[in-house]
Amino acid sequence: MKDMVSIGIFVLAIGTATLFIDSGVTLNFILMALYATLLAQAWNMLGGFGGQFSFGHALFFGSGAYVQAMAQLQGGINAWVALPLAIGCAALVGAFVGALAFRYGLKGSYFALITLAFAEVFRILALSLPFTGAGVGLMLPLRAAASNLQFGSARGYVLLMLGFVALALGVTAWLRHSRFGAQLQAVRDNEDAARALGIDPLRTKLGACVLSAAFMGAAGAFYVQVFQYIDPSIAFGPTTSVEALLGAIVGGMGTLWGPVLGALALHVLSDLTRNLFGNLPGINMVIYGVVLVVIVMFMPRGIAGIGRSVRSLWQGGRRG
Amino acid sequence: MLDFDILFPSLLNGLTTGAVYALVALGLTLIYGVLHIINFAHGASLMLALYGVYLLNTRLGWDPYLALPLMVAGMFAMGYALQRVVINRASHGKDENILLVTLGLAIVMENLALLAFSADTRSIDTPYTLRTVPIGPAMIALPKLIAFGGALAVAGSLLWIVKRTDLGRAIRAVAKEKQGAKLMGIDVEHVYAMSFGIGLACLGAAACFLLPAYYVNPQVGSGFVLVAFTIVVLGGMGSFSGALLGGLLIGVVESIGGLLLGDSLGQVGIYLIFIAVLLLRPQGLFGDRA
């Protein structure tokens, strides 16, 4: 309940702020921060709550993006109809990969490897097949109208994105408090013990994988609508996979607000880097890599972990 | 129809590539066998080594094969330091952390290379780059033949180190039973760092053999990294002979797959093998069920 109230406040605050902000730069900042939040929160569902570290989450992102683009370009389907289709297909890919991996008991580094391999297979397929536009990629024609899911200004996209983020936060809150979420966390902490209590580890991990994939697919579809372009390395390359896992890890895995904080922190950081160094190729990823190493070395529980330590100190102080 | 005259050169080519793959995979499997971690920075480290050879050749005019001792020593030192200073400290005793740290290192290395050398693909020019040697109906590039021999020689000396020296015995002891090894007075941290160093030293050697017939760009490692993982998984995690055989096998599969399906789809073949082996025989073709 407390979570739902805080999510409501978060959404209302950003939503009303968006209505009053006219600066394109600020709106774009909010938009990309929300987008990074969605990626991080999607990874968090499987990685944070399920303990399954995927290194190839771009697989689901790219699937959603390509379905969204192909449905419109080759199927002539309206973008609003394509959206659930894209999300559904990404969830299906999640179900397929998850079922394969978990059915055969792959975990830890093996799971990270197989997601990476699948993302790479999809990238090469997208590069080689004619209907994905091969290396050239797919370009969506500009037809700015709300009915085409193409908004004239960033404001429309921000509100849409806010909707997705709110949904992702709602699902995460549900993972924290529901029976399914408790089972998932039990499997993460000790699979054998969870099985002994009658939990089906395959079913819970698969459920988390499908949820996570669906939100990644939504982010992919959204990417296509905003940038009107997708190619194999944007869709299935490592950048999105890294961005998703980094946001969740920097913020704090298995928490509700950690990935939000993490995504925001990374986004601010990458903006700062761009201001400091200009558009040097790769500098952003260098900083991301260093942040990943430093966070794992010194703050393994992420930003949310600091909050928790401070709170327990405070409570400890009051009790003593 | 494919006849022998087309298939045979492709087979030989596959074997020569496979030997270098095996060398890369041997380093990976040594690190896995001892530290039980998957080094995601393996491909990026190979890329750095390739740039090392490239710089020595273009700036100082060193022949890539003469650069071998320096590259092996340099990569060993880098590996030893990385394990001691970064990876070991970041692990906090959890494997997931090592996974993430090596991923972070790979990202840093690849993008530093991008910053320093830009995304251009570079290669070096040696007097023997274009020389070929006839073997039966096939013409094999001389650098590839040298790479084949060299990779097997390095693999042989690695096996000798692991099987016959005191360091090798310590490495195997730590791999089998860490606590026991510690009680016998083995410095486990030192053995870990030595293993990581030797694993990267293999990459230094591989880079020297690769570059005369190959190229380097900041992304080149990621092509090798999944191939090396495939070989290691195929051969059984931590098994040396498995890595050697797996490397040759994958080299041949890639070469013949490329012949039949075209280069980019031939690559898919490797990943499909990888996924299939992970699912069906995660202990590897030659490994025992754990």
# chains A, B, ... in the order shown; residues from 1 in each chain; ligands from 1

$ residues_around --residues "region 201-207 of chain A" --least-positions-apart "6" --cutoff "8 Å" --atoms "only C-alpha atoms" --output "compact mmCIF listing (two decimals) with N, CA and C atoms, in the first residue's frame"
# COMPACT_ATOMS: atom_id res chain seq x y z
N LEU A 46 13.93 -9.66 -13.37
CA LEU A 46 14.55 -10.98 -13.49
C LEU A 46 15.88 -11.05 -12.73
N GLY A 50 14.77 -12.16 -9.31
CA GLY A 50 14.93 -13.58 -9.63
C GLY A 50 16.35 -14.08 -9.50
N ALA A 95 9.75 -16.07 -23.07
CA ALA A 95 9.25 -17.37 -22.65
C ALA A 95 10.08 -18.49 -23.27
N GLY A 98 13.73 -18.33 -21.78
CA GLY A 98 13.62 -18.69 -20.37
C GLY A 98 13.32 -20.17 -20.21
N ALA A 99 12.38 -20.68 -21.01
CA ALA A 99 12.01 -22.08 -20.90
C ALA A 99 13.21 -22.97 -21.22
N PHE A 102 15.99 -22.37 -18.27
CA PHE A 102 15.64 -22.83 -16.92
C PHE A 102 15.28 -24.31 -16.91
N ARG A 103 14.69 -24.76 -18.03
CA ARG A 103 14.34 -26.18 -18.16
C ARG A 103 15.60 -27.02 -17.96
N PHE A 180 3.57 -14.57 -5.50
CA PHE A 180 4.49 -14.94 -6.57
C PHE A 180 5.87 -14.32 -6.34
N GLN A 183 7.74 -16.10 -3.69
CA GLN A 183 8.28 -17.36 -4.19
C GLN A 183 9.53 -17.12 -5.02
N LEU A 184 9.46 -16.07 -5.87
CA LEU A 184 10.59 -15.74 -6.74
C LEU A 184 11.83 -15.42 -5.91
N VAL A 187 13.30 -18.50 -4.38
CA VAL A 187 14.09 -19.26 -5.35
C VAL A 187 15.45 -18.62 -5.55
N GLU A 191 17.48 -22.02 -3.97
CA GLU A 191 16.58 -22.76 -4.84
C GLU A 191 16.16 -24.10 -4.24
N ALA A 194 13.69 -23.62 -1.52
CA ALA A 194 12.39 -23.20 -2.06
C ALA A 194 11.66 -24.41 -2.63
N ARG A 195 12.40 -25.27 -3.33
CA ARG A 195 11.77 -26.45 -3.92
C ARG A 195 11.22 -27.36 -2.82

$ select_by_dssp --residues "region 17-102 of chain A" --states "helix (DSSP H, G or I)" --output "MDAnalysis selection string"
chainID A and resid 17:20 24:48 58:73 79:102

$ closest_residue --among "B:Leu70, B:Leu244, B:Ala138, B:Ile161" --to "Leu7 (chain B)" --atoms "only C-alpha atoms"
B:Ala138

$ atom_distance --atom1 "CA of Leu140 (chain A)" --atom2 "CA of Met70 (chain A)"
9.2 Å

$ closest_atom_pairs --of "chain B" --to "chain A" --cutoff "9 Å" --atoms "only C-alpha atoms" --output "Markdown table"
| residue | atom | partner | partner_atom | distance |
| --- | --- | --- | --- | --- |
| B:Ile37 | CA | A:Ser109 | CA | 8.0 |
| B:Ile38 | CA | A:Ser109 | CA | 6.7 |
| B:Val86 | CA | A:Met297 | CA | 8.0 |
| B:Ile87 | CA | A:Met297 | CA | 8.5 |
| B:Arg89 | CA | A:Met297 | CA | 6.6 |
| B:Ala90 | CA | A:Met297 | CA | 4.0 |
| B:Ser91 | CA | A:Met297 | CA | 7.2 |
| B:His92 | CA | A:Met297 | CA | 7.9 |
| B:Asp95 | CA | A:Gly108 | CA | 8.0 |
| B:Glu96 | CA | A:Gly108 | CA | 6.9 |
| B:Asn97 | CA | A:Val296 | CA | 6.3 |
| B:Ile98 | CA | A:Val296 | CA | 8.6 |
| B:Leu99 | CA | A:Ser109 | CA | 7.0 |
| B:Leu100 | CA | A:Leu292 | CA | 7.3 |
| B:Val101 | CA | A:Val293 | CA | 5.0 |
| B:Thr102 | CA | A:Val293 | CA | 8.1 |
| B:Leu103 | CA | A:Gly289 | CA | 7.8 |
| B:Gly104 | CA | A:Gly289 | CA | 4.3 |
| B:Leu105 | CA | A:Gly289 | CA | 6.3 |
| B:Ala106 | CA | A:Gly289 | CA | 7.7 |
| B:Ile107 | CA | A:Gly289 | CA | 5.2 |
| B:Val108 | CA | A:Val286 | CA | 4.5 |
| B:Met109 | CA | A:Val286 | CA | 7.7 |
| B:Glu110 | CA | A:Val286 | CA | 8.1 |
| B:Asn111 | CA | A:Gly282 | CA | 4.8 |
| B:Leu112 | CA | A:Val286 | CA | 6.4 |
| B:Ala113 | CA | A:Gly282 | CA | 8.6 |
| B:Leu114 | CA | A:Gly282 | CA | 6.0 |
| B:Leu115 | CA | A:Pro281 | CA | 6.0 |
| B:Ser118 | CA | A:Pro281 | CA | 7.6 |
| B:Ala119 | CA | A:Pro281 | CA | 8.7 |
| B:Leu226 | CA | A:Ala117 | CA | 7.2 |
| B:Phe229 | CA | A:Leu113 | CA | 8.2 |
| B:Ser264 | CA | A:Ile124 | CA | 6.8 |
| B:Leu265 | CA | A:Ile124 | CA | 7.2 |
| B:Gln267 | CA | A:Ile124 | CA | 8.0 |
| B:Val268 | CA | A:Val121 | CA | 5.8 |
| B:Tyr271 | CA | A:Ala117 | CA | 6.1 |
| B:Leu272 | CA | A:Val121 | CA | 7.8 |
| B:Phe274 | CA | A:Ala117 | CA | 7.7 |
| B:Ile275 | CA | A:Ile114 | CA | 6.4 |
| B:Leu278 | CA | A:Tyr110 | CA | 7.6 |
| B:Leu279 | CA | A:Tyr104 | CA | 5.8 |
| B:Leu280 | CA | A:Tyr104 | CA | 7.5 |
| B:Pro282 | CA | A:Leu106 | CA | 8.6 |

$ write_last_selection --atoms "N, CA and C atoms" --output "compact mmCIF listing (two decimals), in the first residue's frame"
# COMPACT_ATOMS: atom_id res chain seq x y z
N ILE B 37 35.64 -18.78 -12.33
CA ILE B 37 34.94 -17.61 -12.82
C ILE B 37 35.04 -17.57 -14.34
N ILE B 38 34.04 -16.98 -14.94
CA ILE B 38 34.08 -16.76 -16.37
C ILE B 38 34.63 -15.37 -16.61
N VAL B 86 42.09 -5.74 -8.79
CA VAL B 86 40.69 -5.41 -9.05
C VAL B 86 39.75 -6.58 -8.76
N ILE B 87 39.94 -7.67 -9.50
CA ILE B 87 38.92 -8.72 -9.47
C ILE B 87 38.79 -9.35 -8.09
N ARG B 89 39.52 -8.14 -5.20
CA ARG B 89 38.95 -7.24 -4.19
C ARG B 89 37.46 -7.03 -4.39
N ALA B 90 37.03 -7.11 -5.66
CA ALA B 90 35.63 -6.80 -5.95
C ALA B 90 34.73 -8.00 -5.70
N SER B 91 35.33 -9.19 -5.56
CA SER B 91 34.47 -10.37 -5.57
C SER B 91 33.60 -10.46 -4.32
N HIS B 92 34.08 -10.01 -3.17
CA HIS B 92 33.36 -10.16 -1.90
C HIS B 92 32.88 -11.60 -1.74
N ASP B 95 30.39 -15.17 -6.83
CA ASP B 95 30.73 -15.35 -8.24
C ASP B 95 30.06 -14.30 -9.12
N GLU B 96 28.81 -13.91 -8.77
CA GLU B 96 28.10 -12.93 -9.60
C GLU B 96 28.91 -11.65 -9.70
N ASN B 97 29.55 -11.26 -8.60
CA ASN B 97 30.31 -10.02 -8.61
C ASN B 97 31.47 -10.09 -9.59
N ILE B 98 32.14 -11.26 -9.63
CA ILE B 98 33.26 -11.41 -10.55
C ILE B 98 32.76 -11.29 -11.98
N LEU B 99 31.62 -11.92 -12.23
CA LEU B 99 30.99 -11.85 -13.54
C LEU B 99 30.82 -10.39 -13.96
N LEU B 100 30.28 -9.58 -13.04
CA LEU B 100 30.00 -8.18 -13.34
C LEU B 100 31.28 -7.38 -13.49
N VAL B 101 32.27 -7.67 -12.65
CA VAL B 101 33.51 -6.89 -12.71
C VAL B 101 34.24 -7.17 -14.02
N THR B 102 34.30 -8.43 -14.43
CA THR B 102 35.00 -8.71 -15.69
C THR B 102 34.22 -8.11 -16.86
N LEU B 103 32.90 -8.09 -16.76
CA LEU B 103 32.11 -7.42 -17.81
C LEU B 103 32.47 -5.93 -17.84
N GLY B 104 32.55 -5.32 -16.66
CA GLY B 104 32.92 -3.90 -16.58
C GLY B 104 34.30 -3.65 -17.19
N LEU B 105 35.25 -4.52 -16.86
CA LEU B 105 36.60 -4.38 -17.41
C LEU B 105 36.57 -4.47 -18.93
N ALA B 106 35.78 -5.41 -19.46
CA ALA B 106 35.70 -5.57 -20.91
C ALA B 106 35.17 -4.29 -21.55
N ILE B 107 34.14 -3.70 -20.94
CA ILE B 107 33.57 -2.47 -21.50
C ILE B 107 34.61 -1.37 -21.50
N VAL B 108 35.34 -1.24 -20.37
CA VAL B 108 36.35 -0.18 -20.27
C VAL B 108 37.44 -0.38 -21.33
N MET B 109 37.94 -1.61 -21.45
CA MET B 109 39.03 -1.86 -22.40
C MET B 109 38.59 -1.56 -23.83
N GLU B 110 37.41 -2.08 -24.21
CA GLU B 110 36.96 -1.91 -25.58
C GLU B 110 36.80 -0.43 -25.93
N ASN B 111 36.24 0.33 -25.00
CA ASN B 111 35.95 1.71 -25.34
C ASN B 111 37.16 2.61 -25.20
N LEU B 112 38.12 2.21 -24.32
CA LEU B 112 39.38 2.95 -24.30
C LEU B 112 40.08 2.77 -25.63
N ALA B 113 40.03 1.55 -26.17
CA ALA B 113 40.65 1.30 -27.47
C ALA B 113 39.95 2.13 -28.55
N LEU B 114 38.64 2.23 -28.43
CA LEU B 114 37.87 3.04 -29.38
C LEU B 114 38.32 4.50 -29.32
N LEU B 115 38.53 4.99 -28.08
CA LEU B 115 38.98 6.36 -27.89
C LEU B 115 40.37 6.56 -28.48
N SER B 118 40.26 4.87 -32.54
CA SER B 118 39.04 5.02 -33.34
C SER B 118 38.57 3.65 -33.84
N ALA B 119 37.44 3.63 -34.50
CA ALA B 119 36.83 2.34 -34.84
C ALA B 119 37.46 1.70 -36.08
N LEU B 226 32.85 -15.11 -27.72
CA LEU B 226 31.82 -16.15 -27.72
C LEU B 226 32.36 -17.44 -28.33
N PHE B 229 34.25 -19.05 -25.57
CA PHE B 229 33.31 -19.65 -24.62
C PHE B 229 32.74 -20.94 -25.17
N SER B 264 28.50 -14.63 -42.79
CA SER B 264 27.82 -14.15 -41.59
C SER B 264 26.90 -15.23 -41.02
N LEU B 265 26.25 -16.01 -41.89
CA LEU B 265 25.39 -17.07 -41.35
C LEU B 265 26.23 -18.23 -40.81
N GLN B 267 28.71 -17.89 -38.98
CA GLN B 267 28.89 -17.52 -37.58
C GLN B 267 27.73 -18.00 -36.72
N VAL B 268 26.52 -17.91 -37.27
CA VAL B 268 25.35 -18.34 -36.50
C VAL B 268 25.51 -19.80 -36.10
N TYR B 271 27.17 -20.16 -32.82
CA TYR B 271 26.33 -19.83 -31.67
C TYR B 271 25.29 -20.91 -31.42
N LEU B 272 24.77 -21.48 -32.51
CA LEU B 272 23.78 -22.53 -32.33
C LEU B 272 24.41 -23.75 -31.66
N PHE B 274 26.88 -23.60 -29.67
CA PHE B 274 27.10 -23.16 -28.30
C PHE B 274 25.84 -23.34 -27.46
N ILE B 275 24.71 -22.84 -28.00
CA ILE B 275 23.45 -22.93 -27.26
C ILE B 275 23.07 -24.40 -27.07
N LEU B 278 25.31 -25.97 -24.42
CA LEU B 278 24.94 -25.48 -23.09
C LEU B 278 23.70 -26.18 -22.58
N LEU B 279 22.73 -26.39 -23.48
CA LEU B 279 21.46 -26.98 -23.05
C LEU B 279 21.58 -28.47 -22.85
N LEU B 280 22.23 -29.15 -23.79
CA LEU B 280 22.15 -30.61 -23.78
C LEU B 280 23.31 -31.27 -23.03
N PRO B 282 25.98 -29.55 -20.79
CA PRO B 282 26.75 -28.46 -20.19
C PRO B 282 28.08 -28.94 -19.62

$ closest_residue --among "B:Ala173, B:Ala228, B:Leu211, B:Ala22" --to "Val154 (chain B)" --atoms "only C-alpha atoms"
B:Ala22

$ residues_around --residues "region 248-260 of chain B" --least-positions-apart "4" --cutoff "9 Å" --atoms "only C-alpha atoms" --output "PyMOL selection string"
chain B and resi 6-7+10-22+227+230-231+243-244+264-267+269-270

$ write_last_selection --atoms "C-alpha atoms" --output "JSON list (two decimals), in the first residue's frame"
[["chain", "number", "residue", "atom", "x", "y", "z"],
["B", 6, "ILE", "CA", 37.22, -26.97, -52.40],
["B", 7, "LEU", "CA", 36.62, -28.78, -49.14],
["B", 10, "SER", "CA", 38.64, -24.98, -46.28],
["B", 11, "LEU", "CA", 39.38, -27.79, -43.84],
["B", 12, "LEU", "CA", 43.04, -26.75, -43.55],
["B", 13, "ASN", "CA", 42.06, -23.14, -43.09],
["B", 14, "GLY", "CA", 39.65, -24.19, -40.38],
["B", 15, "LEU", "CA", 42.38, -26.16, -38.59],
["B", 16, "THR", "CA", 44.81, -23.23, -38.65],
["B", 17, "THR", "CA", 42.16, -20.82, -37.34],
["B", 18, "GLY", "CA", 41.08, -23.45, -34.85],
["B", 19, "ALA", "CA", 44.57, -23.72, -33.38],
["B", 20, "VAL", "CA", 44.55, -20.01, -32.52],
["B", 21, "TYR", "CA", 41.01, -20.33, -31.16],
["B", 22, "ALA", "CA", 42.30, -23.18, -29.03],
["B", 227, "VAL", "CA", 33.86, -18.50, -29.89],
["B", 230, "THR", "CA", 31.83, -22.10, -27.08],
["B", 231, "ILE", "CA", 35.09, -24.02, -27.21],
["B", 243, "ALA", "CA", 39.79, -26.92, -25.19],
["B", 244, "LEU", "CA", 42.44, -27.99, -27.69],
["B", 264, "SER", "CA", 27.82, -14.15, -41.59],
["B", 265, "LEU", "CA", 25.39, -17.07, -41.35],
["B", 266, "GLY", "CA", 28.35, -19.43, -40.83],
["B", 267, "GLN", "CA", 28.89, -17.52, -37.58],
["B", 269, "GLY", "CA", 26.34, -22.01, -36.73],
["B", 270, "ILE", "CA", 28.86, -21.50, -33.93]]
